[in-house]
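Report on the structure given below.
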Amino acid sequence: MSKRSITKPRSRLANPCVVEYLGPKFSEKGTMTDLSVDGMKILGTGSVHAGMRLEIRLSVGESTPPIQIPCAHVRWTRNQEFGVKFGPMEPSVLARLHDLLLVYQGSPT
């Protein structure tokens with residue numbers, strides 16, 4: 001069975017979240033448009049390339065601290081869109097991502 005045929009919980013976001021992505025010598029802002037338990041799609045403003053390692057700060061609300069993902073690897077790019085796969089993260093960060101995914105899955109798209 002191929003990896004693509006395995007269904008993972010994911011959500012295309014009706015109300016996309018602001019995301020800040022940081023590389024070794026830059027900090028850019030973009031919009032998260034798709035989320036899964038192990039990655040996300042971002043519409044960004046800065047130039048990234050496949051294989052690049054980023055840190056991600058995901059803003060989920062004005063009164064909530066951002067979700068900080070210390071390691072994400074750029075898997076693909078297309079114009080200003082790109083996909084990242086998350087690296088290892090603390091259980092508390094993973095729990096916040098799961099909670100966010102559940103909220104968006106419950107929202108009508």
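If you're wondering about the labels, chains in the structure tokens are A, B, ... by order shown, residues count from 1 in each chain, ligands from 1 in order shown.
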
Discussion item. Env of Gly30 (chain A): 10 Å cut, atoms = only C-alpha atoms, seq-sep filter 6 positions within chain, self excluded. Answer as a VMD selection string.
Written reply: chain A and resid 16 to 21 42 to 46 58 80 to 81

Take the selection from the previous step and output its residues with C-alpha atoms, as a PDB file, in the first residue's frame.
```
ATOM      1  CA  PRO A  16      -6.773  30.127   7.713  1.00  0.00           C
ATOM      2  CA  CYS A  17      -4.301  30.888  10.514  1.00  0.00           C
ATOM      3  CA  VAL A  18      -1.383  33.294  10.390  1.00  0.00           C
ATOM      4  CA  VAL A  19       1.948  31.525  10.535  1.00  0.00           C
ATOM      5  CA  GLU A  20       5.454  32.893  10.988  1.00  0.00           C
ATOM      6  CA  TYR A  21       8.236  30.745   9.556  1.00  0.00           C
ATOM      7  CA  ILE A  42       1.506  27.461   3.789  1.00  0.00           C
ATOM      8  CA  LEU A  43       0.897  30.340   1.414  1.00  0.00           C
ATOM      9  CA  GLY A  44       3.964  32.423   2.097  1.00  0.00           C
ATOM     10  CA  THR A  45       5.659  35.671   1.291  1.00  0.00           C
ATOM     11  CA  GLY A  46       9.268  34.517   1.294  1.00  0.00           C
ATOM     12  CA  LEU A  58       1.304  29.340  14.464  1.00  0.00           C
ATOM     13  CA  GLN A  80       4.370  30.918  -3.105  1.00  0.00           C
ATOM     14  CA  GLU A  81       2.819  27.757  -1.646  1.00  0.00           C
TER      15      GLU A  81
END
```

Open item on the list: Would you pick out the contacts of Ser47 (chain A) at 10 Å or less, using only C-alpha atoms, so that residues sharing its chain but fewer than 6 positions from it are not included, and give the list as a VMD selection string?
Closed with: chain A and resid 26 28 77 79 to 82

With C-alpha atoms kept, could you save the residues just selected as a compact mmCIF listing (two decimals), in the first residue's frame?
```
# COMPACT_ATOMS: atom_id res chain seq x y z
CA PHE A 26 15.07 35.27 7.76
CA GLU A 28 8.53 35.65 7.10
CA THR A 77 7.19 24.27 -3.22
CA ASN A 79 4.98 29.40 -6.56
CA GLN A 80 4.37 30.92 -3.10
CA GLU A 81 2.82 27.76 -1.65
CA PHE A 82 4.85 25.12 0.13
```

TODO: Find the residues around Met40 (chain A) up to 10 Å (only C-alpha atoms counted), leave out those fewer than 3 positions away in its own chain, and share them as a ChimeraX atom specification.
DONE: /A:10-12,32-37,72,74,82-86

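What separates CA of Gly39 (chain A) from CA of Thr64 (chain A) is a distance of 20.8 Å.
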
Could you write out, as a VMD selection string, all the residues of region 8-106 of chain A that DSSP marks as strand (DSSP E)?
-> chain A and resid 10 to 22 27 to 36 39 to 44 53 to 59 67 to 78 81 to 86

Practice item. Would you please work out which residue, of A:Ser92, A:Arg75, A:Gly23, A:Val60, is nearest to Tyr104 (chain A) when using only C-alpha atoms? Key: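 Of A:Ser92, A:Arg75, A:Gly23, A:Val60, the one nearest Tyr104 (chain A), counting only C-alpha atoms, is A:Val60.
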
| query | What are the DSSP helix (DSSP H, G or I) residues of chain A, as a VMD selection string? | reply | chain A and resid 3 to 5 91 to 106

Practice item. One decimal, Å: what's the distance from CA of Gln105 (chain A) over to CA of Leu22 (chain A), could you say? Key: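 Answer for the CA of Gln105 (chain A) to CA of Leu22 (chain A) separation: 27.2 Å.
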
Next on the checklist: I'd like to know which of A:Leu54, A:His49, A:Lys41, A:Pro65 is closest to Arg96 (chain A), using only C-alpha atoms.
Outcome noted: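 Using only C-alpha atoms, Arg96 (chain A) sits closest to A:Pro65.
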
Could you jot down the CA of Asp38 (chain A) to CA of Lys25 (chain A) separation for me, Å, one decimal place?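 Straight-line distance from CA of Asp38 (chain A) to CA of Lys25 (chain A) works out to 24.8 Å.
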
Query - Given only C-alpha atoms as the counted atoms, nearest of A:Ala50, A:Ile67, A:His73, A:Ser27 to Leu94 (chain A) - result: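 Smallest separation from Leu94 (chain A) among the options: A:Ile67.
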